[in-house]
Amino acid sequence: GAVVSQHPSWVICKSGTSVKIECRSLDFQATTMFWYRQFPKQSLMLMATSNEGSKATYEQGVEKDKFLINHASLTLSTLTVTSAHPEDSSFYICSARDGVGYEQYFGPGTRLTVT
Amino acid sequence: GESVGLHLPTLSVQEGDNSIINCAYSNSASDYFIWYKQESGKGPQFIIDIRSNMDKRQGQRVTVLLNKTVKHLSLQIAATQPGDSAVYFCAENMRGTYKYIFGTGTRLKVLA
C-alpha cells in the first residue's frame, strides 16, 4: 500500500516551453502533497507544499509563478514548470501524506532536461 | 574509510562488515526522523524512522540511534551487502508543519 506514481518518468523540452509533471497517490487519499527538487549529487530540497483544494505554499526562494502547483483532487497534484530554462533541469520528486501520521510516501521522480 | 567529495561524502565498507552512517540534524524542535535509501535515478525509499521520545529503534538489519543532546542521528546497517550500495539521507520533520528537511546525504559503497 501507500504507492505514489509520477508521470512522466523523464521529459526533454526546449527552452521557453512549459512542462507538466503529475503526481498521483494510487491507493490512498493524499491530504497533503509535497514537491522536491534534486540536483545531481545533492540532497532533496522542498519546493512547495500543497493541500487539496487550496493554494500551494512555496518555500523561500522558489518562484510561484514559474512553478505552478495544482492539487485538484485527493489523489492528484501537478507541477508545471513554465518557460523552462536549462537551469531548471533537475530531478523532481513528489511525496504525499495520508493525513494519519508524519510519514511521507515518495514517488519515483521525474527527470527534466531543458535543452 | 570515509571521504568527502565535492557534494556527497562517501563511506566505503567491505561486504559483510557493519556500516554506520551519521547525520547531524538542524532543528532541536524536530520531533520525527527518518532514514531513506536512494538508488540512482529513483525516488527515496523508506528504511526506518524514529520519534523524538525514543533514542533507539531496530528494524531488519538496521538500527537508528537518536542523540537529541547533540542533534545527531545514525543509521547502522549490519552485515552490509552489495545491494545496500546507494545514497542514504536522513530527514527531520519540523514540529507542527509535517515538512521534511533532508540532510546532505552519504554515499555507501560496498566493496566485494
# chains A, B, ... in the order shown; residues from 1 in each chain; ligands from 1
$ interface_residues --of "chain B" --to "chain A" --cutoff "12 Å" --atoms "only C-alpha atoms" --output "PyMOL selection string"
chain B and resi 5-10+30-51+86-107
$ residues_around --residues "Val62 of chain A" --least-positions-apart "3" --cutoff "7 Å" --atoms "only C-alpha atoms" --output "CSV table (one decimal) with all heavy atoms, in the first residue's frame"
chain,number,residue,atom,x,y,z
A,47,MET,N,10.3,22.3,-2.4
A,47,MET,CA,9.9,23.4,-3.2
A,47,MET,C,8.6,24.0,-2.6
A,47,MET,O,8.5,25.2,-2.5
A,47,MET,CB,9.7,23.1,-4.6
A,47,MET,CG,10.9,22.5,-5.3
A,47,MET,SD,10.5,22.0,-7.0
A,47,MET,CE,10.1,23.5,-7.8
A,58,TYR,N,4.8,27.9,-0.9
A,58,TYR,CA,6.1,27.8,-1.5
A,58,TYR,C,7.2,28.1,-0.5
A,58,TYR,O,7.1,29.0,0.3
A,58,TYR,CB,6.3,28.7,-2.8
A,58,TYR,CG,5.4,28.3,-3.9
A,58,TYR,CD1,4.1,28.6,-4.0
A,58,TYR,CD2,5.9,27.6,-5.0
A,58,TYR,CE1,3.3,28.2,-5.0
A,58,TYR,CE2,5.1,27.2,-6.0
A,58,TYR,CZ,3.8,27.5,-6.0
A,58,TYR,OH,3.0,27.1,-7.1
A,59,GLU,N,8.3,27.4,-0.6
A,59,GLU,CA,9.5,27.7,0.2
A,59,GLU,C,10.2,28.9,-0.3
A,59,GLU,O,10.0,29.3,-1.4
A,59,GLU,CB,10.4,26.5,0.2
A,59,GLU,CG,9.9,25.2,0.8
A,59,GLU,CD,9.5,25.4,2.3
A,59,GLU,OE1,10.4,25.8,3.1
A,59,GLU,OE2,8.3,25.2,2.6
$ residues_around --residues "Glu15 of chain B" --least-positions-apart "2" --cutoff "9 Å" --atoms "only C-alpha atoms" --output "list in words"
Val13, Asp17, Asn18, Ala79, Thr80, Gln81, Pro82, Val110, Leu111 and Ala112 of chain B
$ write_last_selection --atoms "C-alpha atoms" --output "short mmCIF file (atom, residue, chain, number, x, y, z; two decimals), in the first residue's frame"
data_model
loop_
_atom_site.label_atom_id
_atom_site.label_comp_id
_atom_site.auth_asym_id
_atom_site.auth_seq_id
_atom_site.Cartn_x
_atom_site.Cartn_y
_atom_site.Cartn_z
CA VAL B 13 32.84 -0.75 3.61
CA ASP B 17 31.01 -5.59 7.71
CA ASN B 18 28.72 -3.27 9.62
CA ALA B 79 26.30 -7.36 7.56
CA THR B 80 26.36 -4.88 4.70
CA GLN B 81 25.51 -6.37 1.31
CA PRO B 82 26.23 -5.19 -2.25
CA VAL B 110 30.08 -1.85 -0.58
CA LEU B 111 33.34 -3.48 -1.62
CA ALA B 112 33.32 -7.13 -2.61
#
